[in-house]
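Student: The structure follows.
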Amino acid sequence: MEKRVVFRSAWLPYLLLAPQLAITIVFFFWPAGQAVWYSFQLQDAFGLHSEFVGFDNFTALFKDPHYLESFKTTAVFSVAVAGLGIAISLLLATMADRVVRGALVYKTVLIWPYAVAAAVAGVLWAFMFAPSIGIITYVLKGLGVDWNWIINGDQAMLLIIIASVWKQISYNFLFFLAGLQSIPKSLIEAAAIDGAGPARRFWTIVLPLLSPTAFFLLVVNIVYAFFDTFGVIDSTTQGGPAQATQILVYKVYHDGIKAADIGGSSAQSVILMIIVIALTAIQFKFIERKVQY
Amino acid sequence: MVEKRPLLDFVTHAVLIVGAFVIAFPLYVTFVASTLSLEQIMSVPMPLLPGSHFIENYSQVLFAGSTTGSKAAVLDMLFNSTVMALAVPLGKITISILSSFAIVYFRFPLRNFFFWMIFVTLMLPVEVRIIPTFKVMADLGLLNTYAGLTLPLIASATATFLFRQFFMTIPDELAEAARIDGAGPMRFFWDVVLPLSKTTMAALFVIQFIYGWNQYLWPLLVTTSEDMYPVVIGIKRMIAGGDSGNEWNIVMATALLAMLPPALVVVLMQRWFVKGLVDTEK
């Protein structure tokens with residue numbers, strides 16, 4: 001896509017681009033370059049001395065059982081968050097698309113969690129699930145479940161999954177609703193005249209037509225689970241107990257800031273960058289396809 | 001509605017009511033907890049009807065802060081959050097509308113190179129460059145400043161893309177007419193492009209307001225002094241550890257204050273919000 005009519009100036013476009021480029025270089029390229037640089041270095045604890053160690057930081061990472069464990073934790077967490085989030089919001093959006101009365105009320109209630117910061121969402125759910133005073137803990141105790149996420153790793157994982165899904169449902173819901181509303185009514189009506197019931201229509205018409213939206217949301221949700229859930233984890237489990245909820249991003253932060261292992265943390269950053277680049281590439285490939293769709 | 005199915009209608013509303021209840025329940029609990037005394041919350045189970053400590057709790061939160069953990073007054077934190085929530089969208093809109101205007105309406109050497117430079121920043125979120133970005137901020141002396149809190153967040157490929165996409169839809173005739181009338185590029189920008197971009201700017205503003213308000217990892221890194229905390233960080237600092245050691249009524253009042261402004265923006269500006277959300281992901 002190119003404009004046919006353009007303006008001519010030898011200096012103006014550079015001036016217009018300058019602020020954005022300055023910020024991009026100072027806060028994106030310089031630090032990202034340094035991350036790559038540090039990842040090949042070994043530094044002492046005070047940052048006074050460093051030496052080039054090649055791929056040592058990377059090989060050390062992949063020999064570190066904690067790091068491999070963190071990969072597994074991230075996989076479980078992101079699959080659960082993306083899967084649950086998409087399934088629940090698809091159900092809610094399908095239902096909301098059917099109703100006429102009260103539609104705006106339902107929609108408003110369902111979308112506001114988007115406005116809640118991840119860290120605040122974590123605090124709310126941590127409060128309701130608090131081992132000694134939480135209101136849900138109390139109900140669970142009545143049902144015979146002994147709930148204490150502070151010492152139980154699986155329960156800690158469940159807590160951050162619930163908080164993260166709760167926050168993300170509104171986003172998925174809006175996209176599914178927009179997708180549902182763009183399906184031509186004539187298709188649905190034609191199927192109904194041919195005798196297909198609501199369930200049959202959903203599986204054979206609605207769901208296939210929604211699949212591009214669903215795939216798009218899958219990628220977005222995985223990116224969300226990988227990176228944006230940092231606040232949820234830091235305000236609740238902080239990666240514990242015993243690293244049961246330490247996803248990759250949290251480990252970068254923990255190793256770099258708390259444990260001051262600059263080389264190791266930078267190597268992890270570089271691996272994360274590669275993952276983001278892969279995910280972005282998938283997303284763009286998909287967008288190209290959607291245009292033809 | 002294609003056909004009448006009373007049973008399905010019933011199920012539909014039932015599912016939606018359950019969904020809405022689950023989504024809204026944390027908000028309700030937060031509100032109730034923020035009106036109770038600490039003893040009431042500590043008595044298991046806590047009451048599920050609002051108590052009488054509303055004014056007491058909120059005035060303590062706003063003007064004095066919590067007594068455990070962070071002791072900064074939440075009013076100051078709300079101010080910091082407001083600065084972030086306004087500076088980030090305004091800065092972002094300003095620099096991206098200028099750069100996409102340059103990219104769309106000019107031909108110049110290295111144009112594509114600059115476009116790609118902005119584009120790849122999509123792949124470098126703060127989370128993957130935590131340590132080096134922190135070092136850069138420290139070297140530049142930007143720790144604990146508003147500039148440090150906002151500047152790195154205003155560069156964004158998404159906003160640049162959005163404006164670029166919108167500019168491509170502006171008819172060429174307009175630029176042609178402007179040129180024939182002798183208007184220079186900046187005159188065209190002020191009188192034609194800017195007024196036409198209002199809806200895009202509004203949608204972007206709503207999304208970025210929420211983004212700026214809810215920032216967590218970045219302020220966590222660059223603020224060490226309590227008077228620079230945005231409210232989201234403040235809540236985290238109030239939780240000293242252990243679930244019974246916290247002043248939960250104070251924490252919950254702060255949480256409610258922290259989610260109120262962005263939630264109001266989402267609910268009251270729903271149209272812009274939905275447009276912004278759908279557009280930025282296109």
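Residue numbering restarts at 1 for every chain of the structure tokens, chains are lettered A, B, ... in their displayed order, and ligands are numbered from 1 as they appear.
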Excluding same-chain residues fewer than 4 positions from range 253-255 of chain B, what lies within 9 Å of it counting only C-alpha atoms, as an mmCIF file with N, CA and C atoms, in the first residue's frame?

Tutor:
```
data_model
loop_
_atom_site.group_PDB
_atom_site.id
_atom_site.type_symbol
_atom_site.label_atom_id
_atom_site.label_comp_id
_atom_site.auth_asym_id
_atom_site.auth_seq_id
_atom_site.Cartn_x
_atom_site.Cartn_y
_atom_site.Cartn_z
ATOM 1 N N VAL A 120 -3.698 -6.143 40.796
ATOM 2 C CA VAL A 120 -4.892 -5.974 41.628
ATOM 3 C C VAL A 120 -5.765 -7.228 41.552
ATOM 4 N N ALA A 121 -5.903 -7.793 40.346
ATOM 5 C CA ALA A 121 -6.660 -9.033 40.196
ATOM 6 C C ALA A 121 -6.056 -10.109 41.100
ATOM 7 N N VAL A 123 -4.387 -9.683 43.879
ATOM 8 C CA VAL A 123 -4.679 -9.370 45.287
ATOM 9 C C VAL A 123 -6.123 -9.749 45.636
ATOM 10 N N LEU A 124 -7.068 -9.457 44.752
ATOM 11 C CA LEU A 124 -8.472 -9.777 45.034
ATOM 12 C C LEU A 124 -8.669 -11.273 45.230
ATOM 13 N N THR B 30 -14.667 -7.075 47.442
ATOM 14 C CA THR B 30 -13.733 -5.975 47.676
ATOM 15 C C THR B 30 -14.449 -4.793 48.315
ATOM 16 N N PHE B 31 -15.612 -4.463 47.759
ATOM 17 C CA PHE B 31 -16.359 -3.334 48.302
ATOM 18 C C PHE B 31 -16.762 -3.602 49.752
ATOM 19 N N ALA B 33 -15.443 -5.667 51.927
ATOM 20 C CA ALA B 33 -14.279 -5.695 52.817
ATOM 21 C C ALA B 33 -13.769 -4.291 53.105
ATOM 22 N N SER B 34 -13.946 -3.390 52.142
ATOM 23 C CA SER B 34 -13.428 -2.034 52.349
ATOM 24 C C SER B 34 -14.305 -1.219 53.296
ATOM 25 N N THR B 35 -15.466 -1.772 53.683
ATOM 26 C CA THR B 35 -16.339 -1.047 54.604
ATOM 27 C C THR B 35 -16.373 -1.694 55.986
ATOM 28 N N PHE B 54 -16.968 2.617 56.262
ATOM 29 C CA PHE B 54 -16.644 3.144 54.936
ATOM 30 C C PHE B 54 -15.806 4.428 55.003
ATOM 31 N N ASN B 57 -12.334 3.997 56.811
ATOM 32 C CA ASN B 57 -11.314 3.305 56.029
ATOM 33 C C ASN B 57 -10.800 4.161 54.881
ATOM 34 N N TYR B 58 -11.735 4.758 54.160
ATOM 35 C CA TYR B 58 -11.311 5.498 52.972
ATOM 36 C C TYR B 58 -10.532 6.758 53.346
ATOM 37 N N VAL B 61 -7.088 5.569 54.128
ATOM 38 C CA VAL B 61 -6.384 5.186 52.903
ATOM 39 C C VAL B 61 -5.896 6.412 52.145
ATOM 40 N N LEU B 62 -6.816 7.358 51.931
ATOM 41 C CA LEU B 62 -6.482 8.492 51.079
ATOM 42 C C LEU B 62 -5.417 9.382 51.682
ATOM 43 N N GLY B 65 -2.549 6.300 54.487
ATOM 44 C CA GLY B 65 -1.950 5.061 54.022
ATOM 45 C C GLY B 65 -2.078 3.963 55.062
ATOM 46 N N VAL B 74 -2.528 7.139 49.851
ATOM 47 C CA VAL B 74 -2.971 6.656 48.549
ATOM 48 C C VAL B 74 -3.336 7.814 47.613
ATOM 49 N N VAL B 231 -0.571 3.619 42.240
ATOM 50 C CA VAL B 231 -1.392 2.937 43.235
ATOM 51 C C VAL B 231 -1.298 1.413 43.130
ATOM 52 N N VAL B 232 -1.080 0.891 41.909
ATOM 53 C CA VAL B 232 -0.998 -0.568 41.762
ATOM 54 C C VAL B 232 0.204 -1.124 42.526
ATOM 55 N N GLY B 234 1.504 0.456 45.089
ATOM 56 C CA GLY B 234 1.199 0.714 46.486
ATOM 57 C C GLY B 234 0.477 -0.444 47.140
ATOM 58 N N ILE B 235 -0.490 -1.028 46.415
ATOM 59 C CA ILE B 235 -1.248 -2.163 46.969
ATOM 60 C C ILE B 235 -0.305 -3.315 47.270
ATOM 61 N N TRP B 248 -6.401 -5.872 55.780
ATOM 62 C CA TRP B 248 -7.150 -6.176 54.554
ATOM 63 C C TRP B 248 -8.181 -5.117 54.215
ATOM 64 N N ASN B 249 -8.801 -4.505 55.241
ATOM 65 C CA ASN B 249 -9.805 -3.486 54.924
ATOM 66 C C ASN B 249 -9.160 -2.314 54.187
ATOM 67 N N MET B 259 -9.048 0.373 40.958
ATOM 68 C CA MET B 259 -9.720 -0.101 39.744
ATOM 69 C C MET B 259 -10.853 0.805 39.309
ATOM 70 N N LEU B 260 -11.227 1.750 40.138
ATOM 71 C CA LEU B 260 -12.363 2.604 39.786
ATOM 72 C C LEU B 260 -12.134 3.453 38.519
#
```

Student: Can you list, as a PyMOL selection string, every protein, DNA or RNA residue that comes within 7 Å of range 80-93 of chain B when you count only C-alpha atoms, leaving out same-chain residues fewer than 3 positions away?

Tutor: chain B and resi 76-77+96-97+150+153-156+159+201+205+208-210+212-213+228-231

Student: Tell me which protein, DNA and RNA residues are within 9 Å of Gly231 in chain A, counting only C-alpha atoms, leaving out same-chain ones fewer than 4 positions away, and put them as a PyMOL selection string.

Tutor: (chain A and resi 117-122+235-236) or (chain B and resi 215-217)

Student: Would you put the residues from that selection into a file with N, CA and C atoms, as an mmCIF file, in the first residue's frame?

Tutor:
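Saved result, out-v5.cif, follows:
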```cif
data_model
loop_
_atom_site.group_PDB
_atom_site.id
_atom_site.type_symbol
_atom_site.label_atom_id
_atom_site.label_comp_id
_atom_site.auth_asym_id
_atom_site.auth_seq_id
_atom_site.Cartn_x
_atom_site.Cartn_y
_atom_site.Cartn_z
ATOM 1 N N ALA A 117 -6.016 -3.987 36.915
ATOM 2 C CA ALA A 117 -4.599 -4.315 36.746
ATOM 3 C C ALA A 117 -4.351 -5.757 37.180
ATOM 4 N N ALA A 118 -3.416 -6.428 36.496
ATOM 5 C CA ALA A 118 -3.109 -7.818 36.818
ATOM 6 C C ALA A 118 -2.763 -7.974 38.300
ATOM 7 N N ALA A 119 -1.973 -7.040 38.825
ATOM 8 C CA ALA A 119 -1.556 -7.153 40.223
ATOM 9 C C ALA A 119 -2.762 -7.021 41.162
ATOM 10 N N VAL A 120 -3.698 -6.143 40.796
ATOM 11 C CA VAL A 120 -4.892 -5.974 41.628
ATOM 12 C C VAL A 120 -5.765 -7.228 41.552
ATOM 13 N N ALA A 121 -5.903 -7.793 40.346
ATOM 14 C CA ALA A 121 -6.660 -9.033 40.196
ATOM 15 C C ALA A 121 -6.056 -10.109 41.100
ATOM 16 N N GLY A 122 -4.735 -10.192 41.120
ATOM 17 C CA GLY A 122 -4.062 -11.159 41.990
ATOM 18 C C GLY A 122 -4.422 -10.938 43.445
ATOM 19 N N SER A 235 2.060 -10.395 42.880
ATOM 20 C CA SER A 235 1.236 -9.943 44.007
ATOM 21 C C SER A 235 0.635 -11.104 44.781
ATOM 22 N N THR A 236 0.800 -12.334 44.305
ATOM 23 C CA THR A 236 0.250 -13.472 45.053
ATOM 24 C C THR A 236 1.342 -14.439 45.498
ATOM 25 N N GLN B 215 0.048 -0.202 34.632
ATOM 26 C CA GLN B 215 1.441 -0.643 34.545
ATOM 27 C C GLN B 215 1.923 -1.185 35.889
ATOM 28 N N TYR B 216 2.674 -2.277 35.827
ATOM 29 C CA TYR B 216 3.135 -2.860 37.085
ATOM 30 C C TYR B 216 4.643 -3.093 37.105
ATOM 31 N N LEU B 217 5.117 -3.936 36.187
ATOM 32 C CA LEU B 217 6.533 -4.307 36.223
ATOM 33 C C LEU B 217 7.434 -3.089 36.061
#
```

Student: Between A:Leu68, A:Leu159, A:Val76, A:Ala93, which has the minimum distance to chain B (counting only C-alpha atoms)?

Tutor: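 Nearest to chain B: A:Ala93.
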
Student: Pick out the residues sitting within 12 Å of Val266 in chain B, and hand them over as an MDAnalysis selection string; count only C-alpha atoms, and ignore anything fewer than 3 positions along from it in its own chain.

Tutor: (chainID A and resid 107:116 170:171) or (chainID B and resid 203 205:211 259:263 269:277)

Student: So which bits of range 9-126 of chain A end up strand (DSSP E) when you DSSP the backbone, as a PyMOL selection string?

Tutor: chain A and resi 41-43+50-52

Student: Please provide as a list in words all residues within 12 Å of Trp116 in chain B, with the sequence filter that same-chain residues fewer than 3 positions apart are discarded (counting only C-alpha atoms).

Tutor: Leu21 and Thr24 of chain A; Ile103, Leu110, Arg111, Asn112, Phe113, Phe119, Val120, Thr121, Leu122, Met123, Ala157, Thr160 and Phe161 of chain B

Student: What does the file look like for those residues with C-alpha atoms, as an mmCIF file, in the first residue's frame?

Tutor:
```cif
data_model
loop_
_atom_site.group_PDB
_atom_site.id
_atom_site.type_symbol
_atom_site.label_atom_id
_atom_site.label_comp_id
_atom_site.auth_asym_id
_atom_site.auth_seq_id
_atom_site.Cartn_x
_atom_site.Cartn_y
_atom_site.Cartn_z
ATOM 1 C CA LEU A 21 12.995 6.839 16.766
ATOM 2 C CA THR A 24 12.831 3.389 20.265
ATOM 3 C CA ILE B 103 5.882 7.351 6.691
ATOM 4 C CA LEU B 110 15.601 4.859 4.591
ATOM 5 C CA ARG B 111 11.817 5.133 4.916
ATOM 6 C CA ASN B 112 11.312 1.387 4.968
ATOM 7 C CA PHE B 113 14.220 0.895 7.302
ATOM 8 C CA PHE B 119 7.842 -2.515 13.764
ATOM 9 C CA VAL B 120 10.316 -4.813 15.542
ATOM 10 C CA THR B 121 9.726 -3.098 18.888
ATOM 11 C CA LEU B 122 6.573 -5.227 18.986
ATOM 12 C CA MET B 123 8.891 -8.111 19.719
ATOM 13 C CA ALA B 157 4.434 0.034 17.134
ATOM 14 C CA THR B 160 1.958 3.816 14.658
ATOM 15 C CA PHE B 161 0.356 0.986 12.707
#
```
